[in-house]
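As C-alpha cells, the structure follows; a few thoughts come after it.
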Amino acid sequence: MKILIVEDEPKLASYIQKGLEEQAYEVQLAYDGLMGKHLACSTYFDVIIMDVNLPKMNGFDLANALRGEKVKTPILMLTALGTTEDKLAGFDAGADDYLVKPFEFRELLARIRALYKRSSEGPIKNGVLKIADLELNLDDKTVQRAGRKLELTAKEFSLLEYLIRNKGRVVSRVDIAEKVWDLHFDTGTNVIDVYVNFLRKKVDKSFPTKLIHTVVGMGYIMKE
C-alpha cells in the first residue's frame, strides 16, 4: 500500500511514517497543503492521511481541491478538531473517514486498512468497470472500447477485470497468478506474459491510447 501523509507536525508525521513502514507500507510526507495537493495530483496513492490545520492550504480546502481535480483516493482526516460540525465539514469536503487526535496507532491502522479494502474493490457503477473509453460489464460479461465490442475468452475477461480493479497500481506476475489463476507462481512459465499479450492485441492494438503498460522488473499497470 502506498500512503501520503500531509501533516505539519514533524514528530507526529515521523511517528506515523515509522509505524506504517514497519507494516511494509510505502509512505511519502508533505508538510503543507499545497505540497500535499501537488503530490496527490501527480502520484498514485492508495490512501491519503491529512491534518485539517495545515499551512498554505487547510485540510478541508485540500480535500475539496483534490475532489475537484477528480482525485478519488480515499482520504482520512486526522485532526484535533473533533466536534460534529468539524466532522461534517470534513465529509462535505470529500473525506472518507475522520480520526480525532490523540489516537491509538492500531486504530489508525484499522481505519487505513478498511479504506483500502473498500477502494480496492474497484470503480463499479451499475455493474460496469471503466477506464478511459474501455468498459467491462460484470453482469453480461461483455467488453467494449470506444463503442466497439471486444471478444474475450473467460480467462482474458478475468485478467482484464483484475487489471481494471487495480488501475493505477502496479501488479506483479505473482499477484496476477494468485488472483486470476488462483495458483502459486511458477517462475519457469511465461503464461502471464502470454495472456497479457493476448489481451493487449484485443484491447490496445487498434486504439491510439494504450492502457496496459509494462513496468520492467515489476509487472503491469493499467492506466490512461
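Convention: chains lettered A, B, ... in C-alpha cells order; per-chain residue numbering from 1; ligands numbered from 1 as shown.
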
Report task. Determine, counting only C-alpha atoms, which protein, DNA and RNA residues have an atom within 12 Å of an atom of Glu135 in chain A; residues of the same chain fewer than 2 positions away are not included. Present the result as a PyMOL selection string. Result -> chain A and resi 123-133+137-150+157+160-161+164-165+203

Requested in this report: Could you give me the residues within range 7-221 of chain A that DSSP places in alpha helix (DSSP H), as a VMD selection string?
Outcome: chain A and resid 10 to 21 33 to 42 59 to 68 84 to 93 105 to 119 154 to 165 173 to 176 191 to 203

Report task. Pick out each residue of range 6-224 of chain A that DSSP on the backbone tags as strand (DSSP E); I need them as a PyMOL selection string. Result -> chain A and resi 6+26-30+47-50+75-79+97-100+124-125+128-131+134-137+142-145+148-150+212-215+219-222

Would you mind exporting C-alpha atoms of the selected residues as a compact mmCIF listing (two decimals), in the first residue's frame?
# COMPACT_ATOMS: atom_id res chain seq x y z
CA VAL A 6 0.02 15.53 4.90
CA GLU A 26 5.37 2.85 1.32
CA VAL A 27 4.96 6.32 2.83
CA GLN A 28 5.53 9.82 1.45
CA LEU A 29 5.32 13.00 3.55
CA ALA A 30 4.07 16.51 2.81
CA VAL A 47 -4.79 6.27 0.93
CA ILE A 48 -4.20 9.92 1.89
CA ILE A 49 -3.96 10.91 5.57
CA MET A 50 -4.22 14.64 6.20
CA ILE A 75 -8.96 10.46 2.43
CA LEU A 76 -8.60 10.00 6.19
CA MET A 77 -8.66 13.27 8.13
CA LEU A 78 -6.52 13.15 11.25
CA THR A 79 -7.08 16.16 13.49
CA ASP A 97 -13.10 8.92 7.33
CA TYR A 98 -12.19 11.09 10.32
CA LEU A 99 -9.95 10.19 13.26
CA VAL A 100 -9.56 12.56 16.22
CA ILE A 124 -18.00 -0.14 -10.20
CA LYS A 125 -21.05 1.72 -11.40
CA VAL A 128 -19.63 -1.74 -15.11
CA LEU A 129 -15.88 -1.32 -14.62
CA LYS A 130 -14.48 1.54 -16.70
CA ILE A 131 -11.20 3.18 -17.61
CA LEU A 134 -12.95 0.88 -22.16
CA GLU A 135 -15.95 -0.68 -20.38
CA LEU A 136 -16.28 -4.12 -18.82
CA ASN A 137 -19.80 -5.23 -17.91
CA THR A 142 -19.14 -8.15 -22.26
CA VAL A 143 -16.34 -5.72 -23.07
CA GLN A 144 -16.35 -2.75 -25.37
CA ARG A 145 -13.95 0.04 -26.23
CA ARG A 148 -16.71 -1.39 -30.34
CA LYS A 149 -17.42 -4.83 -28.85
CA LEU A 150 -14.35 -6.91 -27.97
CA ILE A 212 -1.91 -1.79 -20.49
CA HIS A 213 1.71 -0.93 -19.67
CA THR A 214 4.73 -3.00 -18.65
CA VAL A 215 6.80 -1.88 -15.66
CA GLY A 219 4.81 -6.29 -13.53
CA TYR A 220 1.98 -4.49 -15.29
CA ILE A 221 -0.15 -1.43 -14.74
CA MET A 222 -3.39 -0.29 -16.35

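Among the candidates A:Arg173, A:Glu69, A:Leu108, A:Gly90, the residue lying nearest to Val194 in chain A is A:Arg173 (atoms considered: only C-alpha atoms).
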
Query - For CA of Asp175 in chain A and CA of Lys18 in chain A, the interatomic separation in Å (one decimal) - result: 26.0 Å

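Here CA of Met1 in chain A and CA of Ala154 in chain A stand 28.9 Å from one another.
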
Query raised in the report: What gap, in Å, lies between CA of Phe60 in chain A and CA of Gly19 in chain A?
Result: 25.3 Å

Requested in this report: Excluding Asn58 in chain A and residues on its chain fewer than 5 positions from it, collect all residues at most 7 Å away from it, counting only C-alpha atoms, and give them as a list in words.
Outcome: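 Counting only C-alpha atoms, the residues come to Gly33, Val52 and Asn53 of chain A.
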
Query raised in the report: Which is closer to Leu109 in chain A than all the others in A:Thr83, A:Ala93, A:Gln23, A:Leu66, using only C-alpha atoms?
Result: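 Result for the nearest residue to Leu109 in chain A: A:Gln23.
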
Requested in this report: List the neighbours of Thr153 in chain A out to 10 Å using only C-alpha atoms; skip same-chain residues closer than 4 positions along the sequence, and give me the result as a list in words.
Outcome: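 Skipping anything fewer than 4 positions along the chain leaves Phe157, Ser158, Leu159, Phe198 and Leu199 of chain A.
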
Keeping only C-alpha atoms, write the selected residues as a JSON list (two decimals), in the first residue's frame.
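Generated output (again07.json):
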[["chain", "number", "residue", "atom", "x", "y", "z"],
["A", 157, "PHE", "CA", -12.03, -11.34, -19.18],
["A", 158, "SER", "CA", -10.88, -12.26, -15.66],
["A", 159, "LEU", "CA", -7.43, -10.81, -16.30],
["A", 198, "PHE", "CA", -3.34, -11.69, -25.95],
["A", 199, "LEU", "CA", -5.24, -9.00, -24.06]]

Query - Nearest-residue call for Val191 in chain A, choices A:Thr209, A:Gly59, A:Glu156, A:Glu9, using only C-alpha atoms - result: A:Glu156

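Proximity of A:Glu21, A:Asp193, A:Asp51, A:Asp46 to Asp8 in chain A, computed with only C-alpha atoms, is greatest for A:Asp51.
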
Query - Residue nearest Tyr44 in chain A - candidates A:Lys179, A:Lys2, A:Lys201, A:Arg113, atoms counted: only C-alpha atoms - result: A:Lys2
